[in-house]
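Visitor: Provided below: data22.tsv, containing TSV, C-alpha atoms and all ligand atoms.
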```tsv
chain	number	residue	atom	x	y	z
A	1	MET	CA	65.83	58.56	20.47
A	2	LYS	CA	69.23	60.19	20.93
A	3	ALA	CA	69.22	60.95	24.64
A	4	SER	CA	71.60	62.71	27.00
A	5	PHE	CA	71.79	64.16	30.54
A	6	PRO	CA	73.87	66.72	32.46
A	7	HIS	CA	77.26	65.56	33.72
A	8	MET	CA	76.91	65.35	37.50
A	9	GLY	CA	79.41	63.17	39.33
A	10	CYS	CA	79.39	59.48	38.42
A	11	VAL	CA	77.04	59.14	35.41
A	12	THR	CA	77.19	55.37	34.81
A	13	GLY	CA	73.70	54.84	36.28
A	14	TYR	CA	72.02	57.37	33.95
A	15	LYS	CA	73.86	55.94	30.94
A	16	LYS	CA	72.81	52.38	31.79
A	17	LEU	CA	69.17	53.31	32.34
A	18	LEU	CA	68.81	55.21	29.07
A	19	GLU	CA	70.59	52.43	27.15
A	20	LYS	CA	68.31	49.81	28.66
A	21	LEU	CA	65.27	51.89	27.69
A	22	GLY	CA	66.43	51.62	24.10
A	23	HIS	CA	67.84	55.14	23.63
A	24	GLU	CA	71.03	55.95	21.81
A	25	VAL	CA	73.07	57.66	24.53
A	26	ILE	CA	74.97	60.85	23.70
A	27	MET	CA	77.55	60.99	26.50
A	28	PRO	CA	78.01	64.50	27.91
A	29	ASP	CA	81.63	65.55	28.43
A	30	PRO	CA	82.66	66.63	31.93
A	31	PRO	CA	82.15	70.43	31.94
A	32	SER	CA	85.25	72.28	30.78
A	33	GLN	CA	86.09	75.99	30.78
A	34	LYS	CA	84.66	76.09	27.25
A	35	THR	CA	81.38	74.53	28.46
A	36	MET	CA	81.11	77.17	31.17
A	37	GLU	CA	81.84	80.03	28.76
A	38	LEU	CA	79.21	78.67	26.36
A	39	GLY	CA	76.69	78.49	29.20
A	40	VAL	CA	77.50	81.99	30.44
A	41	LYS	CA	77.09	83.36	26.91
A	42	TYR	CA	73.57	82.01	26.42
A	43	SER	CA	72.14	82.16	29.97
A	44	PRO	CA	70.32	85.05	31.63
A	45	GLU	CA	72.93	87.12	33.43
A	46	PHE	CA	71.22	87.00	36.86
A	47	ILE	CA	70.84	83.24	37.01
A	48	CYS	CA	72.83	80.94	39.30
A	49	PHE	CA	76.05	79.22	38.26
A	50	PRO	CA	74.76	75.58	37.91
A	51	PHE	CA	72.16	76.77	35.40
A	52	LYS	CA	74.93	78.24	33.25
A	53	VAL	CA	77.14	75.12	33.38
A	54	MET	CA	74.17	72.90	32.53
A	55	MET	CA	73.20	75.26	29.71
A	56	GLY	CA	76.69	74.85	28.25
A	57	THR	CA	76.43	71.05	28.58
A	58	TYR	CA	72.98	70.99	26.93
A	59	ILE	CA	74.21	73.07	24.00
A	60	GLU	CA	77.19	70.72	23.57
A	61	CYS	CA	74.86	67.69	23.68
A	62	ALA	CA	72.45	69.34	21.21
A	63	GLN	CA	75.40	70.01	18.90
A	64	LYS	CA	76.16	66.28	19.04
A	65	GLY	CA	72.57	65.55	17.99
A	66	ALA	CA	70.75	64.90	21.31
A	67	GLU	CA	66.98	64.93	20.87
A	68	LEU	CA	66.16	64.39	24.53
A	69	ILE	CA	67.90	65.63	27.68
A	70	VAL	CA	66.83	64.04	30.96
A	71	SER	CA	67.62	65.70	34.26
A	72	SER	CA	66.45	65.96	37.84
A	73	GLY	CA	65.46	69.24	39.37
A	74	GLY	CA	63.39	70.87	41.99
A	75	ALA	CA	60.56	73.23	42.44
A	76	GLY	CA	60.22	75.53	45.39
A	77	PRO	CA	61.25	79.02	46.25
A	78	CYS	CA	64.66	79.12	44.53
A	79	ARG	CA	65.43	79.23	40.81
A	80	ALA	CA	65.53	75.44	40.44
A	81	GLY	CA	61.89	75.55	39.35
A	82	MET	CA	62.81	77.79	36.41
A	83	TYR	CA	65.50	75.50	35.01
A	84	PRO	CA	63.40	73.25	32.70
A	85	ASP	CA	61.48	76.04	30.95
A	86	VAL	CA	64.36	78.47	30.57
A	87	HIS	CA	66.80	75.78	29.37
A	88	GLN	CA	64.18	74.63	26.88
A	89	LYS	CA	63.53	78.17	25.64
A	90	VAL	CA	67.23	78.95	25.12
A	91	LEU	CA	67.76	75.71	23.17
A	92	GLN	CA	64.73	76.51	21.01
A	93	GLU	CA	65.94	80.05	20.33
A	94	LEU	CA	69.32	78.65	19.29
A	95	GLY	CA	67.51	76.44	16.78
A	96	TYR	CA	67.96	73.03	18.45
A	97	ASN	CA	65.13	70.56	18.35
A	98	THR	CA	66.04	69.07	21.74
A	99	ARG	CA	63.47	68.32	24.41
A	100	VAL	CA	64.39	68.86	28.08
A	101	VAL	CA	62.61	66.61	30.60
A	102	VAL	CA	63.24	67.36	34.27
A	103	PHE	CA	62.03	65.04	37.05
A	104	ASP	CA	60.92	66.43	40.42
A	105	SER	CA	59.90	64.52	43.53
A	106	LEU	CA	57.05	62.16	42.68
A	107	PHE	CA	55.16	63.38	45.78
A	108	GLN	CA	54.84	66.90	44.39
A	109	ASP	CA	52.69	66.04	41.39
A	110	PHE	CA	52.42	62.36	40.56
A	111	HIS	CA	50.49	62.95	37.35
A	112	ALA	CA	53.17	65.33	35.96
A	113	PHE	CA	55.87	62.86	37.11
A	114	TYR	CA	54.24	59.98	35.26
A	115	GLU	CA	53.77	62.06	32.08
A	116	LYS	CA	57.55	62.58	32.03
A	117	VAL	CA	58.14	58.87	32.70
A	118	LYS	CA	56.03	58.12	29.62
A	119	ILE	CA	58.32	60.26	27.44
A	120	VAL	CA	61.53	58.70	28.75
A	121	LYS	CA	60.43	55.06	28.98
A	122	ASN	CA	60.27	54.91	25.19
A	123	GLY	CA	57.41	52.41	25.02
A	124	THR	CA	58.90	50.06	27.63
A	125	PRO	CA	56.10	48.22	29.52
A	126	ASN	CA	55.75	49.30	33.16
A	127	TYR	CA	56.64	45.88	34.64
A	128	LYS	CA	59.90	45.90	32.65
A	129	LEU	CA	60.54	49.53	33.59
A	130	LEU	CA	60.34	48.65	37.28
A	131	GLY	CA	62.87	45.84	36.80
A	132	LEU	CA	65.25	48.19	34.96
A	133	ALA	CA	64.85	50.87	37.63
A	134	LYS	CA	65.67	48.27	40.29
A	135	PHE	CA	68.76	47.12	38.40
A	136	CYS	CA	70.01	50.70	37.92
A	137	TYR	CA	69.27	51.63	41.53
A	138	ASN	CA	71.32	48.66	42.72
A	139	LEU	CA	74.16	49.71	40.41
A	140	ILE	CA	74.25	53.35	41.53
A	141	LYS	CA	73.88	52.35	45.19
A	142	LYS	CA	76.89	50.03	44.94
A	143	MET	CA	78.96	52.60	43.05
A	144	ASP	CA	78.08	55.31	45.57
A	145	LYS	CA	79.10	53.02	48.44
A	146	LEU	CA	82.48	52.48	46.77
A	147	GLU	CA	82.94	56.18	46.10
A	148	LYS	CA	82.19	57.00	49.74
A	149	ARG	CA	84.76	54.42	50.82
A	150	MET	CA	87.35	55.77	48.39
A	151	LYS	CA	87.01	59.30	49.76
A	152	ILE	CA	88.02	57.99	53.19
A	153	MET	CA	90.77	55.59	52.18
A	154	ARG	CA	92.35	57.92	49.60
A	155	ALA	CA	93.50	60.16	52.44
A	156	TYR	CA	96.02	57.46	53.42
A	157	GLU	CA	97.26	56.17	50.04
A	158	ILE	CA	101.03	55.83	49.83
A	159	ASN	CA	101.30	56.54	46.10
A	160	GLN	CA	99.21	59.55	45.17
A	161	GLY	CA	96.75	58.74	42.39
A	162	ASP	CA	96.38	55.00	43.14
A	163	PHE	CA	92.75	55.25	44.26
A	164	SER	CA	91.71	57.65	41.48
A	165	ASN	CA	93.22	55.31	38.86
A	166	ALA	CA	91.60	52.29	40.50
A	167	TRP	CA	88.26	54.13	40.48
A	168	LYS	CA	88.52	54.78	36.71
A	169	ASP	CA	89.01	51.01	36.15
A	170	ILE	CA	86.10	50.21	38.48
A	171	VAL	CA	83.77	52.57	36.58
A	172	LYS	CA	84.68	50.79	33.31
A	173	MET	CA	83.93	47.42	34.98
A	174	PHE	CA	80.47	48.63	36.08
A	175	GLU	CA	79.73	50.01	32.61
A	176	LYS	CA	79.99	46.45	31.27
A	177	CYS	CA	77.48	45.02	33.79
A	178	GLU	CA	74.19	43.85	32.32
A	179	THR	CA	72.66	41.89	35.21
A	180	THR	CA	72.28	42.33	38.96
A	181	ARG	CA	74.53	39.30	39.50
A	182	GLU	CA	77.28	40.97	37.46
A	183	VAL	CA	76.85	44.20	39.44
A	184	ASN	CA	77.21	42.32	42.74
A	185	ARG	CA	80.25	40.43	41.48
A	186	THR	CA	81.86	43.66	40.26
A	187	TYR	CA	81.20	45.28	43.63
A	188	LYS	CA	83.11	42.50	45.42
A	189	LYS	CA	85.97	42.75	42.91
A	190	ALA	CA	86.08	46.52	43.38
A	191	LEU	CA	86.39	46.10	47.15
A	192	GLU	CA	89.35	43.77	46.59
A	193	ILE	CA	90.94	46.34	44.27
A	194	PHE	CA	90.60	49.03	46.94
A	195	ASP	CA	91.95	46.74	49.66
A	196	ALA	CA	95.02	46.02	47.53
A	197	VAL	CA	96.01	49.72	47.34
A	198	PRO	CA	98.97	50.35	49.68
A	199	CYS	CA	97.92	52.69	52.50
A	200	ARG	CA	99.48	54.20	55.61
A	201	LYS	CA	98.24	52.87	58.93
A	202	VAL	CA	96.70	55.71	60.91
A	203	GLU	CA	95.43	55.56	64.47
A	204	GLU	CA	91.86	56.60	65.16
A	205	SER	CA	93.02	59.63	67.14
A	206	GLN	CA	95.09	60.88	64.17
A	207	ARG	CA	92.24	60.85	61.63
A	208	ILE	CA	91.15	64.26	60.35
A	209	ARG	CA	87.62	64.33	58.95
A	210	VAL	CA	85.81	66.97	56.94
A	211	GLY	CA	82.20	67.09	55.77
A	212	ILE	CA	81.19	68.65	52.45
A	213	VAL	CA	77.84	70.44	52.23
A	214	GLY	CA	76.39	72.78	49.65
A	215	GLU	CA	74.34	73.04	46.49
A	216	ILE	CA	73.80	69.61	44.97
A	217	TYR	CA	75.27	70.22	41.51
A	218	VAL	CA	78.48	71.88	42.66
A	219	ILE	CA	79.17	69.36	45.40
A	220	MET	CA	78.61	66.39	43.09
A	221	GLU	CA	80.50	67.52	39.99
A	222	PRO	CA	84.27	67.57	40.60
A	223	THR	CA	85.14	69.55	37.47
A	224	VAL	CA	82.91	72.38	38.72
A	225	ASN	CA	84.16	72.35	42.32
A	226	LYS	CA	87.78	72.06	41.13
A	227	ASN	CA	88.27	68.64	42.71
A	228	VAL	CA	87.75	69.74	46.30
A	229	GLU	CA	87.46	66.17	47.58
A	230	GLU	CA	90.64	64.92	45.93
A	231	ILE	CA	92.60	67.97	47.08
A	232	LEU	CA	91.49	67.35	50.68
A	233	ASN	CA	92.30	63.64	50.44
A	234	ASN	CA	95.76	64.50	49.11
A	235	LEU	CA	96.23	66.69	52.18
A	236	GLY	CA	95.56	63.62	54.35
A	237	VAL	CA	91.95	64.52	55.17
A	238	GLU	CA	89.02	62.10	55.04
A	239	VAL	CA	86.01	63.49	53.23
A	240	GLU	CA	82.30	62.82	53.58
A	241	ASN	CA	80.05	64.35	50.94
A	242	VAL	CA	76.36	64.63	51.80
A	243	GLN	CA	75.00	64.16	48.27
A	244	TYR	CA	75.04	61.06	46.10
A	245	ILE	CA	72.55	60.17	43.42
A	246	SER	CA	71.31	57.07	45.30
A	247	ASP	CA	70.75	59.21	48.43
A	248	TRP	CA	68.85	61.77	46.36
A	249	VAL	CA	66.61	59.01	44.95
A	250	GLU	CA	65.92	57.62	48.44
A	251	HIS	CA	65.23	61.07	49.87
A	252	ASN	CA	62.70	61.79	47.14
A	253	ILE	CA	61.02	58.38	46.99
A	254	VAL	CA	60.66	57.46	50.66
A	255	PRO	CA	57.91	59.49	52.42
A	256	GLN	CA	59.31	62.32	54.58
A	257	TRP	CA	57.62	61.16	57.80
A	258	LEU	CA	59.66	57.95	57.87
A	259	PRO	CA	62.90	58.06	59.89
A	260	PHE	CA	64.96	56.63	57.02
A	261	PRO	CA	66.94	57.47	54.98
A	262	LYS	CA	69.13	59.44	57.35
A	263	SER	CA	68.61	62.64	55.29
A	264	HIS	CA	65.01	62.79	56.64
A	265	ARG	CA	66.25	62.90	60.25
A	266	VAL	CA	69.04	65.31	59.35
A	267	PHE	CA	66.49	67.60	57.67
A	268	ARG	CA	64.72	68.01	61.01
A	269	MET	CA	67.97	68.61	62.95
A	270	SER	CA	68.09	72.18	61.62
A	271	ASP	CA	64.53	73.11	62.72
A	272	LYS	CA	65.86	75.42	65.44
A	273	VAL	CA	68.02	77.60	63.17
A	274	ALA	CA	66.35	76.98	59.79
A	275	PRO	CA	62.61	76.53	60.31
A	276	LEU	CA	61.92	77.06	56.59
A	277	ASN	CA	63.44	75.61	53.46
A	278	CYS	CA	64.52	78.47	51.19
A	279	GLY	CA	64.97	76.12	48.23
A	280	GLY	CA	67.65	73.74	47.06
A	281	HIS	CA	69.17	71.86	50.01
A	282	ASP	CA	69.83	74.72	52.43
A	283	LYS	CA	67.84	73.29	55.34
A	284	GLU	CA	69.23	69.80	54.84
A	285	ASN	CA	72.78	71.20	54.63
A	286	MET	CA	72.32	73.02	57.92
A	287	GLY	CA	71.15	69.75	59.48
A	288	TRP	CA	74.24	67.98	58.14
A	289	VAL	CA	76.47	70.60	59.78
A	290	TYR	CA	74.89	69.73	63.16
A	291	ASP	CA	75.27	66.03	62.37
A	292	PHE	CA	78.98	66.42	61.52
A	293	ALA	CA	79.58	68.31	64.78
A	294	LYS	CA	77.77	65.59	66.71
A	295	ARG	CA	79.98	62.94	65.13
A	296	GLY	CA	83.16	64.86	66.05
A	297	PHE	CA	84.19	65.99	62.56
A	298	ASP	CA	87.04	68.50	62.44
A	299	GLY	CA	85.43	70.90	59.99
A	300	VAL	CA	82.98	71.51	57.19
A	301	VAL	CA	83.56	72.83	53.68
A	302	HIS	CA	80.52	74.62	52.29
A	303	LEU	CA	80.35	74.89	48.50
A	304	MET	CA	77.99	77.50	47.13
A	305	PRO	CA	77.47	78.54	43.54
A	306	PHE	CA	77.66	82.23	42.74
A	307	ALA	CA	74.14	83.76	42.90
A	308	CYS	CA	72.62	80.85	44.85
A	309	LEU	CA	70.03	82.29	47.20
A	310	PRO	CA	69.48	79.31	49.59
A	311	GLU	CA	73.19	78.82	50.18
A	312	LEU	CA	73.62	82.56	50.66
A	313	VAL	CA	71.12	82.28	53.52
A	314	ASN	CA	73.26	79.51	55.03
A	315	LEU	CA	76.43	81.54	54.50
A	316	GLY	CA	74.98	84.28	56.69
A	317	LYS	CA	74.21	81.83	59.49
A	318	PHE	CA	77.42	79.80	59.47
A	319	PRO	CA	79.69	82.14	61.51
A	320	ALA	CA	77.35	81.89	64.52
A	321	ILE	CA	76.77	78.14	64.01
A	322	SER	CA	80.51	77.53	63.75
A	323	LYS	CA	81.02	79.34	67.07
A	324	GLU	CA	78.15	77.47	68.71
A	325	LEU	CA	79.46	74.08	67.58
A	326	ASN	CA	83.14	74.98	68.00
A	327	MET	CA	83.81	73.60	64.52
A	328	PRO	CA	85.40	75.56	61.62
A	329	ILE	CA	83.23	76.02	58.52
A	330	MET	CA	84.77	77.32	55.32
A	331	SER	CA	82.56	78.59	52.49
A	332	LEU	CA	83.74	78.67	48.89
A	333	SER	CA	81.74	80.58	46.30
A	334	LEU	CA	82.15	78.98	42.87
A	335	ASP	CA	81.73	80.49	39.45
A	336	GLU	CA	83.30	80.18	35.99
A	337	GLN	CA	86.21	82.40	37.04
A	338	MET	CA	87.25	80.29	40.00
A	339	GLY	CA	90.67	78.68	39.47
A	340	GLU	CA	91.93	75.41	40.96
A	341	ALA	CA	94.99	77.14	42.46
A	342	HIS	CA	92.75	79.44	44.50
A	343	VAL	CA	90.64	76.52	45.79
A	344	LYS	CA	93.80	74.57	46.65
A	345	THR	CA	95.33	77.46	48.60
A	346	ARG	CA	92.14	78.00	50.60
A	347	LEU	CA	91.86	74.28	51.37
A	348	GLU	CA	95.52	74.06	52.44
A	349	ALA	CA	95.03	76.92	54.88
A	350	PHE	CA	91.80	75.37	56.18
A	351	THR	CA	93.47	71.98	56.62
A	352	ASP	CA	96.34	73.56	58.60
A	353	LEU	CA	93.79	75.21	60.86
A	354	ILE	CA	91.71	72.10	61.54
A	355	LYS	CA	94.79	69.91	62.02
A	356	SER	CA	96.29	72.25	64.59
A	357	LYS	CA	92.92	72.50	66.35
A	358	HIS	CA	92.56	68.71	66.32
A	359	PHE	CA	95.99	68.05	67.82
A	360	ALA	CA	95.75	70.94	70.29
A	361	LYS	CA	92.49	69.45	71.54
A	362	GLN	CA	94.17	66.10	71.82
A	363	ARG	CA	97.15	67.56	73.72
A	364	SER	CA	94.86	69.33	76.12
A	365	THR	CA	92.89	66.11	76.62
A	366	ILE	CA	96.13	64.25	77.33
A	367	GLY	CA	97.26	67.12	79.57
A	368	ASP	CA	93.96	67.01	81.44
A	369	ALA	CA	94.26	63.24	81.85
A	370	ILE	CA	97.82	63.58	83.20
A	371	GLY	CA	96.67	66.36	85.52
A	372	LEU	CA	93.83	64.22	86.88
A	373	LYS	CA	96.16	61.23	87.35
A	374	ALA	CA	98.69	63.46	89.13
A	375	GLN	CA	95.99	64.85	91.41
A	376	SER	CA	94.71	61.42	92.38
A	377	ALA	CA	98.31	60.16	92.89
A	378	ALA	CA	99.01	63.19	95.10
A	379	ARG	CA	95.87	62.49	97.07
A	380	LYS	CA	96.94	58.86	97.56
A	381	VAL	CA	100.48	59.88	98.59
A	382	GLY	CA	98.99	62.45	100.98
A	383	SER	CA	96.78	59.90	102.71
A	384	LYS	CA	99.66	57.39	102.92
A	385	ALA	CA	101.92	60.05	104.41
A	386	GLN	CA	99.26	60.81	107.00
A	387	GLU	CA	99.04	57.10	107.86
A	388	VAL	CA	102.82	56.84	108.33
A	389	LYS	CA	102.83	60.01	110.43
A	390	ASP	CA	100.07	58.61	112.63
A	391	ASN	CA	102.04	55.36	113.17
A	392	LEU	CA	105.21	57.21	114.07
A	393	ALA	CA	103.51	59.44	116.64
A	394	PRO	CA	104.51	58.64	120.33
A	395	ALA	CA	102.08	56.43	122.20
A	396	PRO	CA	99.70	58.33	124.50
A	397	HIS	CA	101.26	59.14	127.91
A	398	THR	CA	100.86	56.30	130.43
A	399	PRO	CA	100.63	57.37	134.12
A	400	ALA	CA	103.69	56.25	136.27
A	401	LYS	CA	101.39	54.74	138.85
A	402	GLN	CA	100.14	52.32	136.36
A	403	LEU	CA	103.72	51.33	135.34
A	404	THR	CA	104.88	50.52	138.86
A	405	LYS	CA	101.96	48.21	139.53
B	1	LIG	S1	69.82	75.87	44.93
B	1	LIG	FE1	70.93	77.70	44.32
B	1	LIG	S2	72.10	77.11	42.55
B	1	LIG	FE2	70.55	75.55	42.82
B	1	LIG	S3	68.86	76.26	41.59
B	1	LIG	FE3	68.47	77.07	43.61
B	1	LIG	S4	69.39	79.13	43.55
B	1	LIG	FE4	70.19	77.99	41.81
```
Just give me the structure as structure tokens.

Guide:
Amino acid sequence: MKASFPHMGCVTGYKKLLEKLGHEVIMPDPPSQKTMELGVKYSPEFICFPFKVMMGTYIECAQKGAELIVSSGGAGPCRAGMYPDVHQKVLQELGYNTRVVVFDSLFQDFHAFYEKVKIVKNGTPNYKLLGLAKFCYNLIKKMDKLEKRMKIMRAYEINQGDFSNAWKDIVKMFEKCETTREVNRTYKKALEIFDAVPCRKVEESQRIRVGIVGEIYVIMEPTVNKNVEEILNNLGVEVENVQYISDWVEHNIVPQWLPFPKSHRVFRMSDKVAPLNCGGHDKENMGWVYDFAKRGFDGVVHLMPFACLPELVNLGKFPAISKELNMPIMSLSLDEQMGEAHVKTRLEAFTDLIKSKHFAKQRSTIGDAIGLKAQSAARKVGSKAQEVKDNLAPAPHTPAKQLTK
């Protein structure tokens, strides 16, 4: 079958899995302005921005002949639960014979989950399917680890663009991997490539770190968020994004009551201010904000799609949370009209703010340390002076009678 998927961050894992299941893969293009306009044209007006971008991508894939589109989604109180049916209906009305299959957490309805697996596995026996899933999971896990590392190291590259170019080469290397051994070998080679990139040496105290939270699609797809992570890295800021595909898989496969992966613990960190999940990742995002503050991050960038209800709930809470945690949080609302220049200007201003806050805090810490040292030195000098004074004092008066004896 000719199969495709929405473009969402690094897509090598999806491509590999579908290829190994015997599908002919129709590669989706990264969403462009044209994709967004196409999506806006054929989507219900009230619906949230990711739906529209995905709609545009699905139409482009259907135009290229895709018969099957595989995606991940969510049920729950927000509009995520509407995505599969409405996308399917729009494609049908436009005359495309393309089937949309959306996977939810397997704990929600295992029977429905397995029915979808049967469509996608394309006759592959279950034992082989498990092996392929393991291979692809290892590949995406390794690629995600590298991407996380790049978003820290890129903040210190001497020649701008070195890491992004290296990453493009690394992705091509992973695309050629057919076995787990090749994936592991490529991972080691990729680490060497990163280590060879010339970087500035920066002391621990000089590192500026920002966390990225928000709706999963907009925080994972750089063309939709206008390259927020790369812009921040170019401003000398380390970035930690809370969503990667391997993390999403772990979060949805490992039972919630277990303490790992970390996202399960983080989910519970927001119980005080977000007792309910409004849909999407709003509760988890709130937990991550507390986690970033606990780890001493300098700020948080919150990316929310236009018309996203769960992130709108978070937006309303963030001013008070920011004050409570003494950590700046900047929210960016994204839609098809958002330009890169606007995002860049906002991020530059935010970076200036967090940098000045970071160094002011450091100066006051140094000032406090000097003050404490000075106080203790003064105390020591004072006690010494007292000692000297005591020694210099005339000896107690001796009666004359005693002297003549
Ligand atoms: S989380 Fe927000 S953007 Fe995503 S489906 Fe729900 S309402 Fe739409």

Visitor: Show me the residues around (69.6, 63.2, 24.3) - criterion: an atom at most 9 Å away, only C-alpha atoms counted - as a VMD selection string.

Guide: chain A and resid 1 to 5 23 to 27 58 61 to 62 64 to 70 98 to 100

Visitor: Could the centre and edge lengths of an axis-aligned box, enclosing all atoms of ligand LIG 1 (chain B) in the file with 4 Å extra on each side, be given in Å to one decimal as lines of an AutoDock Vina configuration file?

Guide:
```
center_x = 70.3
center_y = 77.3
center_z = 43.3
size_x = 11.6
size_y = 11.6
size_z = 11.3
```

Visitor: Residues at most 12 Å from Arg295 of chain A, counting all atoms listed in the file, excluding those fewer than 4 positions away in the same chain, as a VMD selection string?

Guide: chain A and resid 209 to 211 240 288 to 291 299 325 327

Visitor: Name the residues, by chain letter and number, that sit within 8 Å of ligand LIG 1 (chain B) using all atoms listed in the file, and give them as a list of chain:residue names.

Guide: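 Using all atoms listed in the file, everything at most 8 Å from ligand LIG 1 (chain B) comes to A:Ile47, A:Cys48, A:Phe49, A:Pro50, A:Phe51, A:Gly74, A:Pro77, A:Cys78, A:Arg79, A:Ala80, A:Gly81, A:Tyr83, A:Glu215, A:Ile216, A:Tyr217, A:Gly279, A:Gly280, A:His281, A:Asp282, A:Met304, A:Pro305, A:Phe306, A:Ala307, A:Cys308, A:Leu309, A:Pro310, A:Glu311.
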
Visitor: Got a sec: who's within 12 Å of Glu284 of chain A, counting only C-alpha atoms, leaving out chain neighbours fewer than 5 positions off, as a ChimeraX atom specification?

Guide: /A:213-216,242-243,248,251,262-271,273-279,289-291,310-311,314

Visitor: Pick out the residues sitting within 7 Å of segment 118-135 of chain A, and hand them over as number ranges by chain; count all atoms listed in the file, and ignore anything fewer than 5 positions along from it in its own chain.

Guide: A: 17, 21, 180

Visitor: Provide the atom CA of Asp109 of chain A to atom CA of Trp257 of chain A distance in Å, to one decimal place.

Guide: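 Taking atom CA of Asp109 of chain A and atom CA of Trp257 of chain A, their separation equals 17.8 Å.
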
Visitor: With a distance cut-off of 10 Å and all atoms listed in the file, select the neighbouring residues of segment 334-347 of chain A, excluding the residue or stretch itself and same-chain residues fewer than 2 positions from it, and output the selection as an MDAnalysis selection string.

Guide: chainID A and resid 32:37 39:40 48:50 52:53 218 223:229 231:232 235 301 303:308 330:332 349:353

Visitor: Go ahead and compute the interatomic distance for atom CA of Pro44 of chain A and atom CA of His7 of chain A, in Å to one decimal.

Guide: 20.8 Å

Visitor: Just to confirm, what's the straight-line distance from atom CA of Lys148 of chain A to atom CA of His358 of chain A in Å (one decimal)?

Guide: 22.8 Å

Visitor: So which one's closest to Lys15 of chain A, A:Phe174, A:Ile208, A:Val197, A:Gly316? Using only C-alpha atoms, please.

Guide: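 Smallest separation from Lys15 of chain A among the options: A:Phe174.
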
Visitor: I'd like to know which of A:Val101, A:Val313, A:Ile170, A:Val239 is closest to Phe113 of chain A, using only C-alpha atoms.

Guide: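 Among A:Val101, A:Val313, A:Ile170, A:Val239, it is A:Val101 that comes nearest to Phe113 of chain A.
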
Visitor: For segment 185-198 of chain A, where the input has fewer atoms than it should, I would like N, CA and C atoms rebuilt and written as an mmCIF file, keeping the file's coordinate frame.

Guide:
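In the end it all went to result-v4.cif:
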```cif
data_model
loop_
_atom_site.group_PDB
_atom_site.id
_atom_site.type_symbol
_atom_site.label_atom_id
_atom_site.label_comp_id
_atom_site.auth_asym_id
_atom_site.auth_seq_id
_atom_site.Cartn_x
_atom_site.Cartn_y
_atom_site.Cartn_z
ATOM 1 N N ARG A 185 78.910 41.015 41.624
ATOM 2 C CA ARG A 185 80.250 40.430 41.480
ATOM 3 C C ARG A 185 81.294 41.550 41.302
ATOM 4 N N THR A 186 80.935 42.541 40.502
ATOM 5 C CA THR A 186 81.860 43.660 40.260
ATOM 6 C C THR A 186 82.107 44.440 41.546
ATOM 7 N N TYR A 187 81.067 44.561 42.363
ATOM 8 C CA TYR A 187 81.200 45.280 43.630
ATOM 9 C C TYR A 187 82.253 44.594 44.530
ATOM 10 N N LYS A 188 82.138 43.256 44.588
ATOM 11 C CA LYS A 188 83.110 42.500 45.420
ATOM 12 C C LYS A 188 84.515 42.668 44.871
ATOM 13 N N LYS A 189 84.651 42.611 43.551
ATOM 14 C CA LYS A 189 85.970 42.750 42.910
ATOM 15 C C LYS A 189 86.530 44.149 43.198
ATOM 16 N N ALA A 190 85.641 45.142 43.143
ATOM 17 C CA ALA A 190 86.080 46.520 43.380
ATOM 18 C C ALA A 190 86.601 46.684 44.814
ATOM 19 N N LEU A 191 85.931 46.020 45.757
ATOM 20 C CA LEU A 191 86.390 46.100 47.150
ATOM 21 C C LEU A 191 87.793 45.503 47.275
ATOM 22 N N GLU A 192 88.013 44.405 46.556
ATOM 23 C CA GLU A 192 89.350 43.770 46.590
ATOM 24 C C GLU A 192 90.395 44.719 45.994
ATOM 25 N N ILE A 193 89.996 45.403 44.902
ATOM 26 C CA ILE A 193 90.940 46.340 44.270
ATOM 27 C C ILE A 193 91.324 47.441 45.260
ATOM 28 N N PHE A 194 90.323 47.986 45.956
ATOM 29 C CA PHE A 194 90.600 49.030 46.940
ATOM 30 C C PHE A 194 91.489 48.510 48.075
ATOM 31 N N ASP A 195 91.173 47.295 48.538
ATOM 32 C CA ASP A 195 91.950 46.740 49.660
ATOM 33 C C ASP A 195 93.405 46.483 49.283
ATOM 34 N N ALA A 196 93.654 46.315 47.967
ATOM 35 C CA ALA A 196 95.020 46.020 47.530
ATOM 36 C C ALA A 196 95.874 47.294 47.386
ATOM 37 N N VAL A 197 95.237 48.466 47.484
ATOM 38 C CA VAL A 197 96.010 49.720 47.340
ATOM 39 C C VAL A 197 96.834 49.941 48.621
ATOM 40 N N PRO A 198 98.161 50.147 48.472
ATOM 41 C CA PRO A 198 98.970 50.350 49.680
ATOM 42 C C PRO A 198 98.606 51.653 50.411
#
```
